[in-house]
>>> print(open('data.cif').read())   # mmCIF, C-alpha atoms
data_start
#
loop_
_atom_site.label_atom_id
_atom_site.label_comp_id
_atom_site.auth_asym_id
_atom_site.auth_seq_id
_atom_site.Cartn_x
_atom_site.Cartn_y
_atom_site.Cartn_z
CA MET A 1 108.73 14.11 -71.92
CA ILE A 2 106.14 15.46 -74.36
CA SER A 3 102.51 14.83 -73.47
CA HIS A 4 99.06 16.11 -74.34
CA LYS A 5 97.64 18.65 -71.91
CA GLU A 6 93.87 19.21 -71.89
CA GLY A 7 93.67 17.92 -75.46
CA LYS A 8 96.42 20.24 -76.72
CA ARG A 9 99.75 18.97 -77.95
CA VAL A 10 102.80 19.93 -75.91
CA TRP A 11 106.18 20.56 -77.55
CA VAL A 12 109.71 21.01 -76.26
CA GLU A 13 111.01 24.54 -76.78
CA LEU A 14 114.79 24.45 -77.25
CA SER A 15 116.40 27.86 -76.59
CA ILE A 16 119.98 28.47 -77.70
CA LYS A 17 121.77 31.70 -76.81
CA CYS A 18 124.59 32.17 -79.27
CA SER A 19 126.78 34.68 -81.08
CA ARG A 20 125.73 36.05 -84.47
CA GLU A 21 128.61 34.31 -86.24
CA VAL A 22 126.89 30.93 -85.95
CA GLU A 23 123.34 32.11 -86.69
CA GLU A 24 123.17 30.98 -90.35
CA PRO A 25 124.64 27.47 -89.97
CA LEU A 26 122.69 26.84 -86.77
CA VAL A 27 119.33 28.02 -88.15
CA ASP A 28 119.85 26.11 -91.40
CA TYR A 29 120.72 22.95 -89.49
CA LEU A 30 117.67 23.19 -87.21
CA VAL A 31 115.28 23.89 -90.10
CA SER A 32 116.74 21.00 -92.09
CA GLU A 33 116.72 18.60 -89.13
CA LEU A 34 113.20 19.42 -87.89
CA GLY A 35 111.45 20.44 -91.12
CA ARG A 36 109.90 23.55 -89.57
CA GLY A 37 110.81 27.15 -88.92
CA VAL A 38 112.61 28.56 -85.90
CA ILE A 39 112.40 31.86 -84.01
CA THR A 40 115.36 34.24 -83.84
CA GLU A 41 115.22 36.95 -81.17
CA GLU A 42 117.54 39.79 -80.26
CA VAL A 43 119.15 39.70 -76.82
CA GLU A 44 118.43 43.14 -75.35
CA GLU A 45 121.43 43.37 -73.08
CA ARG A 46 123.89 42.04 -75.68
CA GLN A 47 123.61 43.17 -79.32
CA ASP A 48 126.26 40.64 -80.36
CA LEU A 49 124.05 37.75 -79.20
CA LEU A 50 120.89 36.05 -80.47
CA LEU A 51 118.36 33.70 -78.91
CA ILE A 52 117.32 30.95 -81.32
CA LYS A 53 114.25 28.88 -80.43
CA ALA A 54 113.30 25.58 -82.05
CA TYR A 55 110.31 23.36 -81.27
CA LEU A 56 110.50 19.57 -81.04
CA SER A 57 107.56 17.19 -81.23
CA ARG A 58 107.18 13.79 -79.60
CA GLU A 59 108.14 12.24 -82.95
CA ASP A 60 111.33 14.34 -83.05
CA LEU A 61 112.38 12.99 -79.68
CA GLU A 62 111.53 9.40 -80.58
CA SER A 63 113.48 9.65 -83.86
CA GLY A 64 116.61 10.87 -82.08
CA ALA A 65 116.49 14.42 -83.45
CA PHE A 66 117.17 15.91 -80.02
CA SER A 67 120.34 13.83 -79.65
CA SER A 68 121.42 14.79 -83.17
CA ILE A 69 120.96 18.47 -82.37
CA LYS A 70 122.98 18.15 -79.16
CA THR A 71 125.78 16.44 -81.09
CA TYR A 72 125.72 19.18 -83.72
CA LEU A 73 125.90 21.88 -81.03
CA GLU A 74 128.88 20.15 -79.45
CA GLU A 75 130.65 20.04 -82.83
CA LEU A 76 129.79 23.68 -83.49
CA SER A 77 131.12 24.65 -80.06
CA ALA A 78 134.36 22.85 -80.79
CA ILE A 79 134.85 24.98 -83.91
CA HIS A 80 133.57 28.20 -82.27
CA PRO A 81 134.32 27.81 -78.53
CA GLU A 82 132.78 31.16 -77.55
CA ALA A 83 129.73 30.93 -79.82
CA ILE A 84 127.26 28.76 -77.88
CA LEU A 85 126.67 30.33 -74.48
CA LYS A 86 123.55 28.72 -73.08
CA ILE A 87 121.08 25.94 -73.96
CA GLU A 88 117.73 25.48 -72.23
CA ASN A 89 114.56 23.51 -72.93
CA GLU A 90 111.03 23.55 -71.56
CA ASN A 91 107.60 22.20 -72.45
CA VAL A 92 105.15 24.58 -74.12
CA ILE A 93 101.56 24.13 -75.33
CA GLU A 94 101.22 24.16 -79.12
CA GLU A 95 99.08 27.29 -79.22
CA ASP A 96 101.72 29.24 -77.31
CA TRP A 97 104.59 28.62 -79.71
CA HIS A 98 102.48 29.28 -82.79
CA ASP A 99 101.60 32.68 -81.32
CA LYS A 100 105.26 33.37 -80.54
CA TRP A 101 106.36 32.35 -84.03
CA LYS A 102 103.80 34.64 -85.67
CA ARG A 103 105.48 37.71 -84.18
CA PHE A 104 108.55 37.06 -86.34
CA PHE A 105 106.85 36.37 -89.69
CA ARG A 106 106.71 39.64 -91.62
CA PRO A 107 105.96 40.31 -95.31
CA ILE A 108 108.87 39.08 -97.44
CA ARG A 109 109.70 40.31 -100.95
CA ILE A 110 111.22 37.69 -103.23
CA GLY A 111 112.54 38.58 -106.66
CA GLU A 112 110.95 41.52 -108.45
CA SER A 113 107.28 40.98 -107.74
CA LEU A 114 106.53 38.14 -105.31
CA VAL A 115 105.49 39.17 -101.80
CA ILE A 116 104.82 36.54 -99.12
CA LYS A 117 102.47 38.02 -96.55
CA PRO A 118 101.22 36.44 -93.31
CA THR A 119 97.46 36.62 -92.94
CA TRP A 120 97.72 38.61 -89.71
CA GLU A 121 99.93 41.38 -91.16
CA GLU A 122 98.77 44.48 -93.05
CA TYR A 123 100.48 45.17 -96.38
CA VAL A 124 99.79 47.74 -99.10
CA PRO A 125 100.91 46.16 -102.40
CA GLU A 126 102.56 47.94 -105.27
CA VAL A 127 100.90 47.73 -108.69
CA SER A 128 103.25 45.00 -109.92
CA ASP A 129 103.20 42.92 -106.72
CA ILE A 130 102.00 39.32 -106.75
CA VAL A 131 100.93 38.78 -103.14
CA ILE A 132 100.73 35.33 -101.55
CA GLU A 133 98.85 35.17 -98.26
CA MET A 134 100.23 32.52 -95.92
CA ASP A 135 99.27 30.88 -92.65
CA PRO A 136 101.67 27.92 -92.51
CA GLY A 137 100.06 26.21 -89.52
CA ARG A 138 102.20 23.18 -88.72
CA ALA A 139 103.66 22.92 -92.21
CA PHE A 140 107.09 24.02 -93.41
CA GLY A 141 107.51 26.77 -95.97
CA VAL A 142 106.92 30.50 -95.66
CA GLY A 143 109.58 31.66 -98.10
CA SER A 144 112.15 32.76 -95.53
CA HIS A 145 114.42 29.71 -95.81
CA ALA A 146 116.99 29.65 -98.61
CA SER A 147 115.69 26.39 -100.09
CA THR A 148 112.17 27.81 -100.56
CA ARG A 149 113.45 31.21 -101.65
CA LEU A 150 115.56 29.67 -104.41
CA VAL A 151 112.55 27.94 -105.98
CA LEU A 152 110.34 31.02 -105.67
CA GLU A 153 112.97 33.20 -107.35
CA ARG A 154 113.30 30.76 -110.24
CA LEU A 155 109.53 30.40 -110.57
CA GLU A 156 109.20 34.17 -110.82
CA GLU A 157 111.83 34.27 -113.57
CA LEU A 158 110.07 31.50 -115.48
CA GLY A 159 106.78 33.34 -115.06
CA ARG A 160 108.23 36.56 -116.49
CA LYS A 161 109.56 34.62 -119.49
CA GLY A 162 106.15 33.07 -120.14
CA VAL A 163 107.41 29.54 -119.47
CA LEU A 164 104.67 28.87 -116.91
CA GLU A 165 101.85 29.94 -119.20
CA LYS A 166 99.52 26.95 -119.71
CA ALA A 167 102.03 24.70 -117.91
CA GLN A 168 100.96 21.69 -115.86
CA VAL A 169 102.96 21.65 -112.63
CA LEU A 170 103.65 19.03 -109.95
CA ASP A 171 104.82 20.17 -106.50
CA VAL A 172 106.30 17.22 -104.59
CA GLY A 173 106.36 17.66 -100.81
CA THR A 174 104.24 20.80 -100.93
CA GLY A 175 104.38 21.62 -97.19
CA SER A 176 102.46 24.86 -96.71
CA GLY A 177 101.61 24.95 -100.43
CA ILE A 178 103.63 28.10 -101.06
CA LEU A 179 105.34 26.88 -104.25
CA ALA A 180 102.11 25.54 -105.74
CA ILE A 181 100.34 28.84 -105.04
CA ALA A 182 103.22 30.82 -106.53
CA ALA A 183 103.19 28.69 -109.68
CA SER A 184 99.46 29.25 -110.06
CA LYS A 185 99.69 33.02 -109.56
CA LEU A 186 102.60 33.19 -112.01
CA GLY A 187 100.56 31.66 -114.83
CA ALA A 188 100.48 27.86 -114.56
CA LYS A 189 97.42 26.22 -116.09
CA SER A 190 97.13 23.62 -113.34
CA VAL A 191 99.11 22.55 -110.28
CA LEU A 192 99.02 19.27 -108.37
CA ALA A 193 100.50 19.70 -104.88
CA ILE A 194 101.25 16.48 -103.01
CA ASP A 195 102.53 15.62 -99.54
CA ILE A 196 102.43 12.50 -97.38
CA ASP A 197 102.00 14.55 -94.17
CA PRO A 198 98.28 15.04 -93.35
CA ASP A 199 99.05 18.27 -91.43
CA ALA A 200 100.84 19.68 -94.48
CA VAL A 201 97.97 18.71 -96.79
CA GLU A 202 95.46 20.41 -94.49
CA SER A 203 97.61 23.54 -94.26
CA ALA A 204 98.22 23.67 -98.02
CA ARG A 205 94.51 23.33 -98.81
CA LYS A 206 93.69 26.22 -96.47
CA ASN A 207 96.35 28.41 -98.06
CA VAL A 208 95.22 27.52 -101.58
CA HIS A 209 91.68 28.64 -100.74
CA LEU A 210 93.02 31.71 -98.93
CA ASN A 211 94.72 32.76 -102.18
CA ASN A 212 91.72 31.87 -104.38
CA CYS A 213 93.79 29.34 -106.30
CA HIS A 214 91.48 26.37 -105.70
CA ASP A 215 90.31 26.33 -109.34
CA ASP A 216 93.89 25.74 -110.53
CA VAL A 217 95.59 23.97 -107.59
CA THR A 218 94.71 20.51 -106.32
CA VAL A 219 96.21 19.32 -103.03
CA SER A 220 96.50 15.58 -102.46
CA ILE A 221 98.07 13.12 -100.04
CA THR A 222 98.87 10.86 -103.02
CA PRO A 223 102.53 9.66 -103.03
CA VAL A 224 104.58 10.66 -106.07
CA TRP A 225 104.78 7.10 -107.43
CA GLU A 226 100.96 6.99 -107.69
CA VAL A 227 100.58 10.32 -109.48
CA GLU A 228 99.43 10.19 -113.10
CA GLY A 229 101.78 12.44 -115.05
CA PRO A 230 103.90 13.58 -116.68
CA PHE A 231 104.13 17.35 -116.11
CA ASP A 232 105.71 20.34 -117.85
CA LEU A 233 107.33 21.47 -114.59
CA VAL A 234 108.11 19.44 -111.47
CA LEU A 235 109.15 21.07 -108.19
CA ALA A 236 110.66 19.20 -105.25
CA ASN A 237 111.91 21.18 -102.26
CA ILE A 238 112.55 18.35 -99.85
CA ASP A 239 115.93 17.10 -98.58
CA ARG A 240 118.91 15.32 -100.08
CA ASP A 241 118.06 11.83 -98.79
CA THR A 242 114.46 11.92 -100.01
CA LEU A 243 115.50 13.36 -103.37
CA LEU A 244 117.94 10.48 -103.83
CA LEU A 245 115.42 7.90 -102.66
CA LEU A 246 112.74 9.16 -105.07
CA ALA A 247 115.01 9.99 -108.04
CA LYS A 248 113.33 7.44 -110.31
CA GLU A 249 109.79 8.42 -109.33
CA ILE A 250 110.35 12.19 -109.54
CA SER A 251 112.26 11.99 -112.83
CA SER A 252 109.50 9.96 -114.46
CA GLN A 253 107.02 12.76 -113.79
CA VAL A 254 108.86 15.22 -116.08
CA CYS A 255 107.42 15.23 -119.60
CA GLN A 256 109.49 15.45 -122.79
CA GLY A 257 110.83 18.99 -123.03
CA GLY A 258 109.83 19.54 -119.40
CA ARG A 259 111.77 21.02 -116.52
CA LEU A 260 112.65 19.88 -112.97
CA LEU A 261 113.64 22.13 -110.05
CA LEU A 262 115.21 20.46 -107.00
CA SER A 263 115.91 22.28 -103.74
CA GLY A 264 116.56 21.53 -100.07
CA ILE A 265 120.16 20.72 -101.04
CA LEU A 266 123.40 21.88 -99.42
CA LYS A 267 126.23 22.75 -101.80
CA GLU A 268 128.33 19.74 -100.79
CA GLN A 269 125.34 17.45 -101.50
CA ALA A 270 124.75 18.78 -105.02
CA GLY A 271 127.06 16.36 -106.83
CA ALA A 272 125.33 13.23 -105.58
CA VAL A 273 121.86 14.60 -106.35
CA LYS A 274 122.92 15.79 -109.80
CA ASP A 275 124.39 12.39 -110.69
CA ALA A 276 121.27 10.53 -109.53
CA TYR A 277 118.97 12.53 -111.82
CA VAL A 278 121.33 12.56 -114.81
CA GLN A 279 121.41 8.76 -114.52
CA ARG A 280 117.62 8.86 -114.88
CA GLY A 281 117.94 10.49 -118.30
CA LEU A 282 117.58 14.15 -117.42
CA HIS A 283 119.94 16.85 -118.70
CA PHE A 284 121.55 18.98 -115.99
CA SER A 285 120.90 22.62 -116.84
CA ALA A 286 122.15 24.82 -113.98
CA MET A 287 122.95 25.15 -110.31
CA ARG A 288 121.78 28.29 -108.55
CA VAL A 289 123.32 29.40 -105.25
CA ASP A 290 121.29 31.41 -102.75
CA GLU A 291 122.62 34.97 -102.54
CA LYS A 292 121.97 35.31 -98.80
CA ASP A 293 123.12 31.87 -97.73
CA SER A 294 125.58 30.35 -100.19
CA GLN A 295 125.55 26.88 -98.69
CA TRP A 296 122.07 26.20 -100.15
CA VAL A 297 121.59 25.47 -103.86
CA LEU A 298 118.89 24.72 -106.43
CA LEU A 299 119.48 22.22 -109.24
CA GLU A 300 117.64 22.56 -112.54
CA PHE A 301 117.21 19.78 -115.10
CA LEU A 302 115.62 19.53 -118.55
CA ALA A 303 114.08 16.48 -120.18
CA ASN A 304 114.97 15.81 -123.81
CA SER A 305 112.30 16.79 -126.33
#
>>> encode(input="data.cif", output="structure tokens")
Amino acid sequence: MISHKEGKRVWVELSIKCSREVEEPLVDYLVSELGRGVITEEVEERQDLLLIKAYLSREDLESGAFSSIKTYLEELSAIHPEAILKIENENVIEEDWHDKWKRFFRPIRIGESLVIKPTWEEYVPEVSDIVIEMDPGRAFGVGSHASTRLVLERLEELGRKGVLEKAQVLDVGTGSGILAIAASKLGAKSVLAIDIDPDAVESARKNVHLNNCHDDVTVSITPVWEVEGPFDLVLANIDRDTLLLLAKEISSQVCQGGRLLLSGILKEQAGAVKDAYVQRGLHFSAMRVDEKDSQWVLLEFLANS
């Protein structure tokens, strides 16, 4: 049972010792299910094994996420009988797991010039580097997951082509604010970053100031249906269910001749998401598949001029 200890939140640390063959599907499932990053450690005595650690909040337990994860692990074990060797869980104080997680967040290069750098790491940039300093706090999004990486790669391409110059951008479900900051640094005139999670909004605001983007990026807890648009570019890296639920509201924020990038989508989910947004009057432009993890895709749409 999760409780609060001496005013600090206590989480459940779920440790899964597994073979490397199930690392990608397992990590992707946990990140998608929990909406936050996980830790992957080497097992010293066995190079063919990994220890994957995920952290569950009280809300995760109450929503049934723990049961869903156990069911998924059982299904994964049925397909790969030798893959899942050991599962343990224990309570940890919030400060402890944030410190643990920080050890595994290193500078990440995305595309030709974007570099995502944690605040606590030293990094000497190259002349052409566009460095984004990040301290995600409790929010999701440091660029390491395929869904975030796909959007960042496309943003960088659009920036190089001059598409972002003077563009007004909306980032729906901003999380840590990483996409909004990237859009600003790549040339956007203004960015509105929104999220309904107060922790995410607090984290995004801190990261925006950390990157000196506060003149161009506004972070708000305003829901998408209350935002006054439309925008030249709309970004939404969320999940399939939310993208389907908000198809009307998100589509309406794309101006004539504007562009929409949707991520957080598994390849088998792409058809349903594509159809939902085409039905809202958008033109499907392209599907991009992540090079490192091909089960994740980005969908791009254009609005008629």
>>> atom_distance(input="data.cif", atom1="atom CA of A:Ile250", atom2="atom CA of A:Ala276")
11.0 Å
>>> closest_residue(input="data.cif", among="A:Ile196, A:Leu26, A:Ile69, A:Leu158", to="A:Ile52", atoms="all atoms listed in the file")
A:Leu26
>>> resolve_selection(input="data.cif", expression="the PyMOL selection byres ((chain A and resi 149-152) around 10)", output="PyMOL selection string")
chain A and resi 109-111+114+141-148+153-158+178-180+182-183+235-237+261-264+288-292+296-300
>>> resolve_selection(input="data.cif", expression="the PyMOL selection byres ((chain A and resi 173) around 6)", output="PyMOL selection string")
chain A and resi 172+174-175+194-195
>>> write_last_selection(input="data.cif", atoms="C-alpha atoms", output="short mmCIF file (atom, residue, chain, number, x, y, z; two decimals), in the frame of the given file")
data_model
loop_
_atom_site.label_atom_id
_atom_site.label_comp_id
_atom_site.auth_asym_id
_atom_site.auth_seq_id
_atom_site.Cartn_x
_atom_site.Cartn_y
_atom_site.Cartn_z
CA VAL A 172 106.30 17.22 -104.59
CA THR A 174 104.24 20.80 -100.93
CA GLY A 175 104.38 21.62 -97.19
CA ILE A 194 101.25 16.48 -103.01
CA ASP A 195 102.53 15.62 -99.54
#
>>> atom_distance(input="data.cif", atom1="atom CA of A:Glu41", atom2="atom CA of A:Lys53")
8.2 Å
>>> resolve_selection(input="data.cif", expression="the PyMOL selection byres ((chain A and resi 127) around 12)", output="list in words")
Glu112, Ser113, Leu114, Val115, Val124, Pro125, Glu126, Ser128, Asp129, Ile130 and Val131 of chain A
>>> atom_distance(input="data.cif", atom1="atom CA of A:Glu122", atom2="atom CA of A:Arg205")
22.3 Å
>>> closest_residue(input="data.cif", among="A:Cys18, A:Ala83, A:Val12, A:Leu246", to="A:Leu61", atoms="only C-alpha atoms")
A:Val12
>>> closest_residue(input="data.cif", among="A:Ser251, A:Ser32, A:Ser176, A:Ser220", to="A:Ser68", atoms="only C-alpha atoms")
A:Ser32
>>> closest_residue(input="data.cif", among="A:Val163, A:Val38, A:Val273, A:Ala78", to="A:Leu245", atoms="all atoms listed in the file")
A:Val273
>>> axis_aligned_box(input="data.cif", around="stretch 105-122 of chain A", padding_each_side="4 Å", output="lines of an AutoDock Vina configuration file")
center_x = 105.0
center_y = 40.4
center_z = -99.1
size_x = 23.1
size_y = 16.1
size_z = 26.8
>>> residues_around(input="data.cif", residues="A:Phe301", least_positions_apart="6", cutoff="9 Å", atoms="only C-alpha atoms", output="list in words")
Gly258, Arg259, Leu260, Leu261, Leu262, Lys274, Tyr277, Val278, Leu282, His283, Phe284, Ser285 and Ala286 of chain A
>>> closest_residue(input="data.cif", among="A:Lys267, A:Arg20, A:Lys161, A:Lys117", to="A:Asn207", atoms="only C-alpha atoms")
A:Lys117
>>> closest_residue(input="data.cif", among="A:Ile181, A:Asn211, A:Gly37, A:Pro223", to="A:Asp197", atoms="all atoms listed in the file")
A:Pro223
